[in-house]
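Asks: What follows is final33.txt, compact mmCIF, C-alpha atoms and all ligand atoms.
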# COMPACT_ATOMS: atom_id res chain seq x y z
CA MET A 1 0.00 0.00 0.00
CA LEU A 2 1.93 2.98 1.29
CA ASN A 3 4.87 2.78 3.62
CA LEU A 4 6.43 5.68 5.47
CA ASP A 5 10.10 5.32 6.40
CA LEU A 6 11.03 7.74 9.16
CA SER A 7 14.09 5.77 10.27
CA SER A 8 16.61 8.45 9.36
CA CYS A 9 14.86 10.83 11.77
CA LYS A 10 14.77 8.41 14.70
CA ASN A 11 17.42 10.36 16.59
CA ILE A 12 15.37 13.55 16.41
CA LYS A 13 13.99 14.01 19.92
CA ILE A 14 10.42 15.22 19.70
CA PRO A 15 9.14 16.36 23.13
CA GLU A 16 6.31 14.20 24.52
CA SER A 17 4.18 17.33 24.96
CA LEU A 18 4.38 17.99 21.25
CA LYS A 19 3.34 14.45 20.42
CA GLU A 20 0.34 14.93 22.71
CA LYS A 21 -0.41 18.19 20.91
CA GLY A 22 -0.43 16.23 17.64
CA LEU A 23 -2.81 13.66 19.03
CA ASN A 24 -5.11 16.36 20.40
CA SER A 25 -5.05 18.10 17.03
CA LEU A 26 -6.14 14.89 15.38
CA LYS A 27 -9.00 14.62 17.89
CA LYS A 28 -10.05 18.21 17.15
CA LEU A 29 -9.96 17.47 13.44
CA LYS A 30 -12.11 14.38 13.90
CA LYS A 31 -14.66 16.42 15.87
CA LYS A 32 -14.91 18.92 13.00
CA ILE A 33 -15.34 16.04 10.55
CA LYS A 34 -18.11 14.58 12.71
CA GLU A 35 -19.84 17.96 12.91
CA LYS A 36 -19.63 18.16 9.09
CA LYS A 37 -17.56 21.36 9.25
CA ILE A 38 -14.95 19.59 7.13
CA GLY A 39 -16.04 17.36 4.27
CA PHE A 40 -13.03 15.99 2.40
CA ILE A 41 -12.94 12.70 4.35
CA ASP A 42 -16.61 12.00 3.70
CA LEU A 43 -15.99 12.19 -0.06
CA VAL A 44 -14.98 8.52 0.14
CA ASN A 45 -18.62 7.68 0.95
CA GLU A 46 -20.25 9.77 -1.79
CA PRO A 47 -22.10 7.96 -4.61
CA THR A 48 -20.35 8.04 -7.98
CA GLU A 49 -23.07 6.78 -10.36
CA GLU A 50 -24.04 10.26 -11.61
CA ILE A 51 -20.41 11.04 -12.46
CA ILE A 52 -19.91 7.75 -14.30
CA GLN A 53 -23.18 8.17 -16.23
CA LEU A 54 -22.30 11.72 -17.24
CA SER A 55 -18.81 10.73 -18.36
CA LYS A 56 -20.37 8.05 -20.60
CA GLU A 57 -22.60 10.67 -22.22
CA LEU A 58 -19.63 13.00 -22.74
CA LYS A 59 -17.57 10.22 -24.28
CA LEU A 60 -20.29 9.62 -26.85
CA LEU A 61 -20.22 13.30 -27.80
CA SER A 62 -16.47 13.89 -27.84
CA ASP A 63 -12.91 12.66 -27.91
CA THR A 64 -11.51 15.62 -25.95
CA LEU A 65 -12.66 17.12 -22.67
CA VAL A 66 -11.34 20.58 -21.87
CA VAL A 67 -11.38 21.26 -18.14
CA VAL A 68 -11.63 25.00 -17.49
CA GLY A 69 -10.59 25.74 -13.92
CA ILE A 70 -7.69 26.94 -11.82
CA GLY A 71 -5.97 26.06 -8.53
CA GLY A 72 -7.85 23.35 -6.67
CA SER A 73 -10.26 23.10 -9.57
CA SER A 74 -7.58 21.80 -11.93
CA LEU A 75 -4.49 20.54 -10.11
CA GLY A 76 -6.05 17.31 -8.82
CA GLY A 77 -7.51 16.19 -12.13
CA LYS A 78 -4.31 17.14 -13.90
CA THR A 79 -2.31 15.05 -11.44
CA ILE A 80 -4.57 12.04 -11.94
CA GLN A 81 -4.27 12.22 -15.73
CA SER A 82 -0.50 12.59 -15.84
CA SER A 83 0.08 9.95 -13.16
CA LEU A 84 -2.09 7.26 -14.67
CA LYS A 85 -2.48 7.86 -18.41
CA ASN A 86 0.01 7.53 -21.22
CA PRO A 87 0.59 11.06 -22.61
CA PHE A 88 1.77 9.64 -25.94
CA ASP A 89 -1.30 7.49 -26.60
CA ILE A 90 -3.02 9.28 -29.47
CA ASN A 91 -5.90 6.81 -29.61
CA SER A 92 -7.31 7.36 -26.15
CA LYS A 93 -9.62 10.14 -24.98
CA LYS A 94 -7.80 13.30 -23.99
CA VAL A 95 -8.34 15.80 -21.19
CA ILE A 96 -6.79 19.27 -21.59
CA PHE A 97 -6.60 21.57 -18.57
CA SER A 98 -7.11 25.20 -19.47
CA GLU A 99 -6.10 27.07 -16.36
CA ASN A 100 -4.47 30.37 -17.19
CA ILE A 101 -5.77 33.34 -19.14
CA ASP A 102 -2.61 33.87 -21.16
CA PRO A 103 -4.16 35.16 -24.41
CA ASP A 104 -1.49 33.55 -26.60
CA TYR A 105 -1.77 30.10 -25.03
CA PHE A 106 -5.58 30.30 -24.95
CA ASN A 107 -5.66 31.25 -28.62
CA GLU A 108 -3.42 28.31 -29.54
CA LEU A 109 -5.55 25.92 -27.51
CA ILE A 110 -8.88 27.06 -28.94
CA ASN A 111 -7.58 26.96 -32.50
CA SER A 112 -6.34 23.40 -32.02
CA LEU A 113 -9.77 22.04 -31.05
CA ASP A 114 -12.26 20.29 -33.26
CA LEU A 115 -15.31 21.75 -31.55
CA SER A 116 -17.62 19.07 -32.95
CA LYS A 117 -15.62 16.48 -30.98
CA THR A 118 -14.98 18.51 -27.82
CA CYS A 119 -16.81 18.94 -24.51
CA PHE A 120 -15.99 21.38 -21.73
CA ASN A 121 -16.08 20.96 -17.98
CA VAL A 122 -16.13 24.38 -16.31
CA ILE A 123 -15.07 23.88 -12.68
CA SER A 124 -15.33 26.55 -10.03
CA LYS A 125 -16.36 25.89 -6.45
CA SER A 126 -17.17 29.54 -5.85
CA GLY A 127 -18.62 29.92 -9.31
CA SER A 128 -17.01 33.31 -9.64
CA THR A 129 -13.23 33.08 -10.28
CA ALA A 130 -12.38 35.60 -13.01
CA GLU A 131 -9.95 33.38 -14.96
CA THR A 132 -12.50 30.57 -15.21
CA MET A 133 -15.52 32.77 -15.89
CA ALA A 134 -13.74 34.69 -18.68
CA GLN A 135 -12.84 31.45 -20.44
CA PHE A 136 -16.36 30.09 -19.98
CA ILE A 137 -17.94 33.17 -21.58
CA TYR A 138 -15.57 32.95 -24.55
CA ILE A 139 -16.13 29.22 -25.06
CA TYR A 140 -19.91 29.43 -24.75
CA ASP A 141 -20.02 32.25 -27.30
CA LEU A 142 -17.80 30.32 -29.69
CA LEU A 143 -19.80 27.09 -29.38
CA LYS A 144 -23.06 28.98 -29.82
CA LYS A 145 -21.79 30.59 -33.04
CA GLU A 146 -20.32 27.37 -34.40
CA LEU A 147 -22.85 24.76 -33.26
CA GLY A 148 -25.94 26.62 -32.07
CA GLU A 149 -27.18 27.37 -28.57
CA LYS A 150 -28.69 23.97 -27.76
CA GLU A 151 -25.52 22.12 -28.72
CA ALA A 152 -23.38 24.67 -26.85
CA ILE A 153 -25.34 24.05 -23.67
CA SER A 154 -25.12 20.27 -24.04
CA ARG A 155 -21.32 20.42 -24.47
CA ILE A 156 -20.59 22.46 -21.36
CA ILE A 157 -20.82 20.80 -17.94
CA PHE A 158 -20.45 22.78 -14.74
CA THR A 159 -18.94 21.55 -11.49
CA THR A 160 -19.67 23.92 -8.62
CA ASP A 161 -21.22 24.50 -5.21
CA PRO A 162 -24.61 22.80 -4.71
CA LYS A 163 -26.38 26.09 -3.97
CA LYS A 164 -24.21 29.18 -4.41
CA GLY A 165 -22.47 31.05 -7.23
CA VAL A 166 -23.09 32.19 -10.79
CA LEU A 167 -22.55 28.76 -12.36
CA ARG A 168 -25.27 27.21 -10.22
CA LYS A 169 -27.64 30.05 -11.17
CA LEU A 170 -26.83 29.69 -14.87
CA SER A 171 -27.34 25.96 -14.71
CA ASN A 172 -30.79 26.42 -13.16
CA LYS A 173 -31.72 29.14 -15.64
CA MET A 174 -30.25 27.86 -18.93
CA GLY A 175 -30.05 24.10 -18.43
CA PHE A 176 -26.30 23.42 -18.31
CA LYS A 177 -25.72 20.04 -16.65
CA CYS A 178 -24.13 20.57 -13.26
CA LEU A 179 -22.23 18.38 -10.80
CA SER A 180 -21.88 19.43 -7.17
CA VAL A 181 -18.91 19.83 -4.89
CA PRO A 182 -20.14 19.47 -1.29
CA GLU A 183 -20.40 22.81 0.51
CA ASN A 184 -17.87 21.74 3.15
CA VAL A 185 -15.16 20.79 0.61
CA GLY A 186 -12.85 23.56 -0.63
CA GLY A 187 -10.96 23.67 -3.93
CA ARG A 188 -7.63 22.15 -2.86
CA PHE A 189 -9.40 19.32 -1.00
CA SER A 190 -11.73 18.50 -3.88
CA VAL A 191 -9.68 16.06 -5.96
CA LEU A 192 -11.76 13.08 -4.81
CA SER A 193 -15.06 14.86 -5.53
CA SER A 194 -16.67 15.32 -8.95
CA VAL A 195 -13.87 17.86 -9.60
CA GLY A 196 -11.26 15.12 -10.05
CA LEU A 197 -13.59 12.19 -10.68
CA LEU A 198 -15.40 13.35 -13.82
CA PRO A 199 -12.17 13.83 -15.81
CA SER A 200 -10.90 10.50 -14.40
CA SER A 201 -14.00 8.64 -15.44
CA TYR A 202 -13.84 10.29 -18.88
CA LEU A 203 -10.33 8.83 -19.15
CA ASP A 204 -11.64 5.34 -18.27
CA LEU A 205 -9.80 5.30 -14.96
CA SER A 206 -11.28 3.42 -12.04
CA ILE A 207 -12.71 6.03 -9.71
CA ASP A 208 -13.78 3.22 -7.36
CA ASN A 209 -10.14 2.23 -6.90
CA LEU A 210 -9.06 5.84 -6.36
CA ILE A 211 -11.71 6.14 -3.67
CA SER A 212 -10.92 2.82 -2.04
CA GLY A 213 -7.22 3.76 -1.68
CA ALA A 214 -8.21 7.09 -0.15
CA SER A 215 -10.70 5.35 2.10
CA GLU A 216 -8.07 2.98 3.46
CA VAL A 217 -5.73 5.86 4.33
CA ALA A 218 -8.65 7.82 5.81
CA ARG A 219 -9.24 4.88 8.14
CA LEU A 220 -5.58 4.54 9.15
CA GLY A 221 -4.84 8.26 9.21
CA LEU A 222 -7.58 9.01 11.74
CA GLU A 223 -6.51 6.35 14.24
CA GLU A 224 -5.70 7.91 17.59
CA ASN A 225 -2.37 6.27 18.33
CA PHE A 226 1.29 6.74 17.54
CA GLU A 227 1.29 3.86 15.07
CA ASN A 228 -0.60 6.26 12.79
CA MET A 229 1.92 7.14 10.06
CA VAL A 230 0.07 10.28 8.93
CA LEU A 231 0.08 11.57 12.50
CA ASN A 232 3.78 10.77 12.97
CA TYR A 233 4.69 12.47 9.70
CA SER A 234 2.68 15.57 10.64
CA ILE A 235 4.19 15.82 14.13
CA LEU A 236 7.73 15.43 12.76
CA LYS A 237 7.16 18.07 10.10
CA TYR A 238 5.59 20.49 12.58
CA PHE A 239 8.45 20.00 15.03
CA LEU A 240 11.11 20.50 12.37
CA ASN A 241 9.33 23.61 11.12
CA LYS A 242 9.54 25.04 14.62
CA GLU A 243 13.25 24.13 14.63
CA GLY A 244 13.79 26.29 11.54
CA LYS A 245 13.09 23.89 8.68
CA ASN A 246 10.95 26.43 6.86
CA ILE A 247 11.12 24.69 3.51
CA SER A 248 9.37 21.45 2.66
CA VAL A 249 10.58 19.65 -0.45
CA LEU A 250 8.53 16.93 -2.12
CA MET A 251 10.52 14.80 -4.53
CA PRO A 252 8.82 11.81 -6.14
CA TYR A 253 11.21 9.62 -8.11
CA SER A 254 8.74 9.43 -10.96
CA THR A 255 8.09 11.74 -13.89
CA LYS A 256 4.52 10.55 -13.78
CA LEU A 257 4.15 12.03 -10.30
CA SER A 258 5.60 15.42 -11.22
CA ASN A 259 2.15 17.03 -11.12
CA PHE A 260 1.60 15.44 -7.73
CA SER A 261 4.38 17.74 -6.51
CA ASN A 262 2.48 20.73 -7.89
CA TRP A 263 -0.78 19.57 -6.28
CA TYR A 264 1.11 19.23 -2.98
CA VAL A 265 2.54 22.74 -3.29
CA GLN A 266 -0.91 24.29 -3.47
CA LEU A 267 -2.22 22.13 -0.63
CA TRP A 268 0.66 22.97 1.69
CA ALA A 269 1.09 26.64 0.76
CA GLU A 270 -2.53 27.75 0.66
CA SER A 271 -3.59 25.74 3.71
CA LEU A 272 -0.80 26.67 6.10
CA GLY A 273 0.66 29.96 4.92
CA LYS A 274 -1.15 32.09 7.48
CA LYS A 275 -0.55 34.45 10.43
CA GLY A 276 3.13 34.77 9.53
CA LEU A 277 3.52 30.98 9.74
CA GLY A 278 3.91 28.21 7.17
CA GLN A 279 6.46 26.10 5.40
CA THR A 280 7.41 26.97 1.82
CA PRO A 281 6.79 23.89 -0.33
CA ILE A 282 9.15 23.13 -3.19
CA PRO A 283 8.09 20.81 -6.00
CA CYS A 284 10.76 18.49 -7.34
CA VAL A 285 11.07 15.40 -9.49
CA GLY A 286 13.74 12.76 -9.07
CA ALA A 287 16.10 12.12 -10.70
CA ILE A 288 15.72 15.34 -12.75
CA ASP A 289 16.19 17.70 -9.81
CA GLN A 290 19.37 15.93 -8.76
CA HIS A 291 20.80 17.89 -11.67
CA SER A 292 19.17 21.14 -10.65
CA GLN A 293 18.15 21.84 -7.04
CA LEU A 294 19.97 19.07 -5.17
CA GLN A 295 23.19 21.05 -4.78
CA LEU A 296 21.23 23.61 -2.75
CA PHE A 297 19.57 20.92 -0.65
CA MET A 298 22.95 19.32 0.12
CA ASP A 299 25.08 22.33 0.71
CA GLY A 300 22.83 25.38 1.08
CA PRO A 301 21.05 26.70 4.18
CA LYS A 302 19.96 24.00 6.64
CA ASP A 303 16.32 24.99 6.42
CA LYS A 304 14.79 22.04 4.58
CA PHE A 305 12.76 18.94 5.32
CA ILE A 306 12.66 16.52 2.40
CA THR A 307 10.07 13.90 1.54
CA LEU A 308 11.08 11.46 -1.18
CA ILE A 309 8.44 9.29 -2.85
CA SER A 310 9.53 6.01 -4.36
CA LEU A 311 7.78 3.23 -6.25
CA LYS A 312 8.48 -0.28 -5.05
CA LYS A 313 7.55 -1.67 -8.44
CA HIS A 314 7.11 0.19 -11.70
CA ASN A 315 4.47 -0.92 -14.17
CA ASN A 316 7.20 -1.58 -16.75
CA GLU A 317 10.71 -2.99 -16.55
CA ILE A 318 13.20 -1.57 -19.02
CA LYS A 319 16.44 -3.47 -19.42
CA ILE A 320 19.52 -1.63 -20.65
CA PRO A 321 21.15 -3.76 -23.36
CA GLU A 322 24.83 -4.63 -23.40
CA PHE A 323 26.72 -2.03 -25.43
CA ASP A 324 30.45 -2.69 -25.54
CA LYS A 325 32.04 -4.90 -22.89
CA LYS A 326 35.42 -3.21 -23.38
CA LEU A 327 34.06 0.28 -22.76
CA GLU A 328 34.32 0.41 -18.97
CA ALA A 329 32.76 3.89 -18.78
CA LEU A 330 29.41 2.45 -19.90
CA ASP A 331 29.64 -1.26 -19.15
CA TYR A 332 28.41 -0.83 -15.57
CA LEU A 333 24.99 -0.09 -17.07
CA SER A 334 24.86 -3.22 -19.25
CA ASN A 335 22.05 -5.62 -18.41
CA LYS A 336 20.84 -3.43 -15.55
CA THR A 337 17.36 -1.93 -15.63
CA LEU A 338 16.17 1.68 -15.62
CA ASN A 339 14.13 0.54 -12.61
CA LYS A 340 17.30 -0.31 -10.69
CA LEU A 341 18.97 2.90 -11.80
CA ILE A 342 16.18 5.23 -10.65
CA ASN A 343 15.74 3.41 -7.32
CA SER A 344 19.50 3.33 -6.72
CA GLU A 345 19.65 7.06 -7.36
CA MET A 346 16.86 7.65 -4.85
CA GLU A 347 18.58 5.49 -2.20
CA SER A 348 21.92 7.20 -2.82
CA ILE A 349 20.45 10.67 -2.49
CA TYR A 350 18.69 9.59 0.70
CA THR A 351 22.02 8.44 2.14
CA ALA A 352 23.80 11.58 0.99
CA LEU A 353 21.14 13.91 2.44
CA ASN A 354 21.30 12.09 5.76
CA GLU A 355 25.06 12.42 5.73
CA VAL A 356 24.77 16.20 5.54
CA LYS A 357 22.07 16.11 8.25
CA THR A 358 19.12 17.23 6.13
CA PRO A 359 16.09 15.45 7.59
CA THR A 360 14.71 13.23 4.83
CA VAL A 361 11.96 10.62 4.86
CA ILE A 362 10.68 8.21 2.23
CA ILE A 363 7.12 7.39 1.31
CA GLU A 364 7.12 4.17 -0.67
CA LEU A 365 4.16 3.27 -2.88
CA THR A 366 3.76 -0.39 -3.77
CA LYS A 367 2.99 0.70 -7.33
CA LEU A 368 1.43 3.57 -9.25
CA ASP A 369 -2.23 2.97 -9.98
CA GLU A 370 -5.60 4.45 -9.03
CA TYR A 371 -5.64 2.81 -5.60
CA HIS A 372 -2.20 4.03 -4.57
CA LEU A 373 -2.73 7.52 -5.94
CA GLY A 374 -5.91 7.69 -3.86
CA CYS A 375 -3.81 6.68 -0.82
CA LEU A 376 -1.29 9.42 -1.53
CA PHE A 377 -3.89 12.19 -1.94
CA MET A 378 -5.56 11.27 1.35
CA PHE A 379 -2.23 10.96 3.18
CA PHE A 380 -1.31 14.57 2.45
CA GLU A 381 -4.83 15.95 2.92
CA ILE A 382 -5.08 14.49 6.43
CA SER A 383 -1.52 15.50 7.20
CA VAL A 384 -2.05 19.14 6.24
CA ALA A 385 -5.26 19.22 8.28
CA ILE A 386 -3.50 17.85 11.40
CA THR A 387 -0.59 20.25 10.89
CA GLY A 388 -3.00 23.18 10.52
CA GLU A 389 -4.65 22.26 13.83
CA MET A 390 -1.23 22.08 15.49
CA MET A 391 -0.33 25.49 14.11
CA ASN A 392 -3.68 26.88 15.17
CA VAL A 393 -4.48 28.26 11.72
CA ASP A 394 -7.62 27.74 9.64
CA THR A 395 -6.38 25.15 7.12
CA PHE A 396 -9.45 25.51 4.96
CA ASN A 397 -9.66 29.22 4.20
CA GLN A 398 -7.51 31.37 1.90
CA PRO A 399 -7.94 35.06 2.83
CA GLY A 400 -4.82 36.06 0.90
CA VAL A 401 -6.15 34.51 -2.30
CA GLU A 402 -9.55 36.16 -1.78
CA LEU A 403 -7.91 39.57 -1.28
CA GLY A 404 -6.09 39.20 -4.59
CA LYS A 405 -9.31 38.13 -6.31
CA ASN A 406 -11.13 41.19 -4.90
CA TYR A 407 -8.49 43.62 -6.17
CA THR A 408 -8.80 42.04 -9.60
CA TYR A 409 -12.58 42.49 -9.53
CA LYS A 410 -12.03 46.14 -8.62
CA LYS A 411 -9.51 46.71 -11.41
CA MET A 412 -11.83 45.04 -13.91
CA GLY A 413 -14.79 47.20 -12.78
CA LYS A 414 -16.92 44.58 -11.05
CA LYS A 415 -19.80 46.22 -9.18
CA GLY A 416 -19.41 46.33 -5.37
CA TYR A 417 -15.57 46.11 -5.32
O1 LIG B 501 -8.15 25.82 -2.83
C1 LIG B 501 -8.84 26.78 -3.14
O2 LIG B 501 -9.93 27.02 -2.60
C2 LIG B 501 -8.42 27.70 -4.28
O3 LIG B 501 -7.14 27.47 -4.70
C3 LIG B 501 -9.37 27.53 -5.44
O4 LIG B 501 -9.34 26.20 -5.89
C4 LIG B 501 -9.05 28.47 -6.61
O5 LIG B 501 -8.91 29.78 -6.17
C5 LIG B 501 -10.18 28.40 -7.64
O6 LIG B 501 -11.38 28.71 -7.03
P1 LIG B 501 -12.76 28.25 -7.64
O7 LIG B 501 -12.81 26.77 -7.66
O8 LIG B 501 -13.79 28.82 -6.70
O9 LIG B 501 -12.86 28.84 -9.01
Translate this structure into structure tokens?
Replies:
Amino acid sequence: MLNLDLSSCKNIKIPESLKEKGLNSLKKLKKKIKEKKIGFIDLVNEPTEEIIQLSKELKLLSDTLVVVGIGGSSLGGKTIQSSLKNPFDINSKKVIFSENIDPDYFNELINSLDLSKTCFNVISKSGSTAETMAQFIYIYDLLKKELGEKEAISRIIFTTDPKKGVLRKLSNKMGFKCLSVPENVGGRFSVLSSVGLLPSSYLDLSIDNLISGASEVARLGLEENFENMVLNYSILKYFLNKEGKNISVLMPYSTKLSNFSNWYVQLWAESLGKKGLGQTPIPCVGAIDQHSQLQLFMDGPKDKFITLISLKKHNNEIKIPEFDKKLEALDYLSNKTLNKLINSEMESIYTALNEVKTPTVIIELTKLDEYHLGCLFMFFEISVAITGEMMNVDTFNQPGVELGKNYTYKKMGKKGY
């Protein structure tokens, strides 16, 4: 399933009082979950039939789904696609994430689409984010001109709050199909809701397996004892943050998990960066970043805590053929596998980082599939929630983001700002 190796940090003496604080924070979190103030755990019990049915209808209409959304409305789905689908498979259905409002990129994207074979999933929990709304208006207008109003409405699906926001209103008024994100689930915690599940189902991924992995970690991660790996990880990270490790690096040894690092960055930064506190998350990918940021991690300021993610078994084994027995410089690679090379690099970097006293832990996934990705999402969601409780910040709001959004509304002349 998922194994957390904290052995290199076993000499770090965490005060008993701080461990108790961690346990109490978990209890507080569980109380909020019970009172339905926090909803991301309960997503594992939500029915998925509507999502699966809708994805079937979309697949009949299209071979490309464009997800229009930003932040928590896109990063989860994007992570699922790049972790579990082959990006070079031209025969399978495709999901494109249109996040930014860069006019040049947007123009290129729109011009590349065959609108008669494309559907759009406009995702916004608040139903008001300017980047998403601007793209929606453009796309609706274009579809209406090209295919007519009825067809335009049938090709755009909303995912939003069950009651609030412009998208919900438009759906009620004009008939756009609309999936709900539970009221008590915010953007960056929404990957296991319809936000991440509709694109996954469109891509023929097993959303049941994603959910069952998440469900298993939800069970383990809420256990009130010090066997609980999510709790131990959170306590260690909190303690090290207090000791001056202000930077938290996530480094999966997998290109396929590179977007997972980006998803983690948003989760950690937006949830905990409050009241002058927080830990700056850095996204990395092994082995690529060994040739980029590692020098800094080894020899720069001692302000980092590093989490490596490894795969016990890859889905493919690639053997390096024998090249030239007499060429010693390359012969050490002959008949070895890329699998051995990437795992050896990870183990070597782990040893080297420990040698220079940079606290480093390893999360090992048995393999990369829907189930294990579900485990990984839930691991970090529970961890950030426990850490937020320990820090005494509201993990689930984002006042800084809202302030930025409000200034944009003002600059763009929105009434009331
Ligand atoms: O995590 C969050 O709440 C934010 O990052 C949002 O996901 C992001 O701002 C987009 O908001 P919305 O989904 O309301 O359009």
Asks: Residues at most 9 Å from ligand LIG 501 (chain B), using all atoms listed in the file? Could they come as an MDAnalysis selection string?
Replies: chainID A and resid 69:75 123:133 159:161 165 185:190 266:267 270:271 396:398 401:402 405
Asks: Each residue of range 1-97 of chain A with at least one atom at most 7 Å from range 199-218 of chain A should appear once, together with its nearest atom pair and the corresponding distance in Å (one decimal); atoms considered: all atoms listed in the file; ordering: chain, then increasing residue number; output as a tab-separated table.
Replies:
residue	atom	partner	partner_atom	distance
A:Ile41	CA	A:Ala218	CA	6.7
A:Val44	CA	A:Ile211	CA	5.6
A:Ile52	CA	A:Ser201	CA	6.1
A:Ser55	CA	A:Tyr202	CA	5.0
A:Lys59	CA	A:Tyr202	CA	6.6
A:Gly77	CA	A:Pro199	CA	6.4
A:Ile80	CA	A:Ser200	CA	7.0
A:Gln81	CA	A:Ser200	CA	7.0
A:Lys93	CA	A:Leu203	CA	6.0
A:Val95	CA	A:Pro199	CA	6.9
Asks: Export C-alpha atoms of the chosen residues as a compact mmCIF listing (two decimals), in the frame of the given file?
Replies:
# COMPACT_ATOMS: atom_id res chain seq x y z
CA ILE A 41 -12.94 12.70 4.35
CA VAL A 44 -14.98 8.52 0.14
CA ILE A 52 -19.91 7.75 -14.30
CA SER A 55 -18.81 10.73 -18.36
CA LYS A 59 -17.57 10.22 -24.28
CA GLY A 77 -7.51 16.19 -12.13
CA ILE A 80 -4.57 12.04 -11.94
CA GLN A 81 -4.27 12.22 -15.73
CA LYS A 93 -9.62 10.14 -24.98
CA VAL A 95 -8.34 15.80 -21.19
Asks: In Å, how far is it from CA of Ile90 in chain A to CA of Leu198 in chain A?
Replies: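 Answer for the CA of Ile90 in chain A to CA of Leu198 in chain A separation: 20.4 Å.
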Asks: Quick one: everything within 12 Å of Asp5 in chain A, counting only C-alpha atoms, minus sequence neighbours fewer than 6 positions away in the same chain. Send it as a list of chain:residue names.
Replies: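 Once the nearby chain positions are removed, what remains is A:Met229, A:Val230, A:Asn232, A:Tyr233, A:Thr307, A:Leu308, A:Ile309, A:Ser310, A:Tyr350, A:Pro359, A:Thr360, A:Val361, A:Ile362, A:Ile363, A:Glu364, A:Leu365.
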Asks: Deliver the residues from the most recent selection as a file, using C-alpha atoms, as an mmCIF file, keeping the file's coordinate frame.
Replies:
data_model
loop_
_atom_site.group_PDB
_atom_site.id
_atom_site.type_symbol
_atom_site.label_atom_id
_atom_site.label_comp_id
_atom_site.auth_asym_id
_atom_site.auth_seq_id
_atom_site.Cartn_x
_atom_site.Cartn_y
_atom_site.Cartn_z
ATOM 1 C CA MET A 229 1.920 7.140 10.060
ATOM 2 C CA VAL A 230 0.070 10.280 8.930
ATOM 3 C CA ASN A 232 3.780 10.770 12.970
ATOM 4 C CA TYR A 233 4.690 12.470 9.700
ATOM 5 C CA THR A 307 10.070 13.900 1.540
ATOM 6 C CA LEU A 308 11.080 11.460 -1.180
ATOM 7 C CA ILE A 309 8.440 9.290 -2.850
ATOM 8 C CA SER A 310 9.530 6.010 -4.360
ATOM 9 C CA TYR A 350 18.690 9.590 0.700
ATOM 10 C CA PRO A 359 16.090 15.450 7.590
ATOM 11 C CA THR A 360 14.710 13.230 4.830
ATOM 12 C CA VAL A 361 11.960 10.620 4.860
ATOM 13 C CA ILE A 362 10.680 8.210 2.230
ATOM 14 C CA ILE A 363 7.120 7.390 1.310
ATOM 15 C CA GLU A 364 7.120 4.170 -0.670
ATOM 16 C CA LEU A 365 4.160 3.270 -2.880
#
Asks: Grab the CA of Leu311 in chain A to CA of Pro252 in chain A distance for me, in Å with one decimal place.
Replies: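 Here the two named atoms are 8.6 Å from each other.
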Asks: Please compute the CA of Ser8 in chain A-CA of Asp303 in chain A distance, one decimal, in Å.
Replies: 16.8 Å
Asks: Env of Asn241 in chain A: 9 Å cut, atoms = only C-alpha atoms, seq-sep filter 5 positions within chain, self excluded. Answer as a PyMOL selection string.
Replies: chain A and resi 236+246-248+278-279+303-305
Asks: Could you tell me which of A:Gly286, A:Pro321, A:Gly196, A:Gly221 comes closest to Lys27 in chain A if we count all atoms listed in the file?
Replies: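 Using all atoms listed in the file, Lys27 in chain A sits closest to A:Gly221.
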Asks: Give the answer as one residue: which of A:Ser82, A:Ile349, A:Asp89, A:Ser17 has the shortest atom-to-atom distance to Gln295 in chain A, using only C-alpha atoms?
Replies: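 The shortest atom-to-atom distance to Gln295 in chain A comes from A:Ile349.
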Asks: Please determine an axis-aligned box that encloses all atoms of range 158-167 of chain A listed in the file, with 8 Å added on each side, and express its centre and edge lengths in Å to one decimal as lines of an AutoDock Vina configuration file.
Replies:
center_x = -22.7
center_y = 26.9
center_z = -9.4
size_x = 23.4
size_y = 26.6
size_z = 26.8
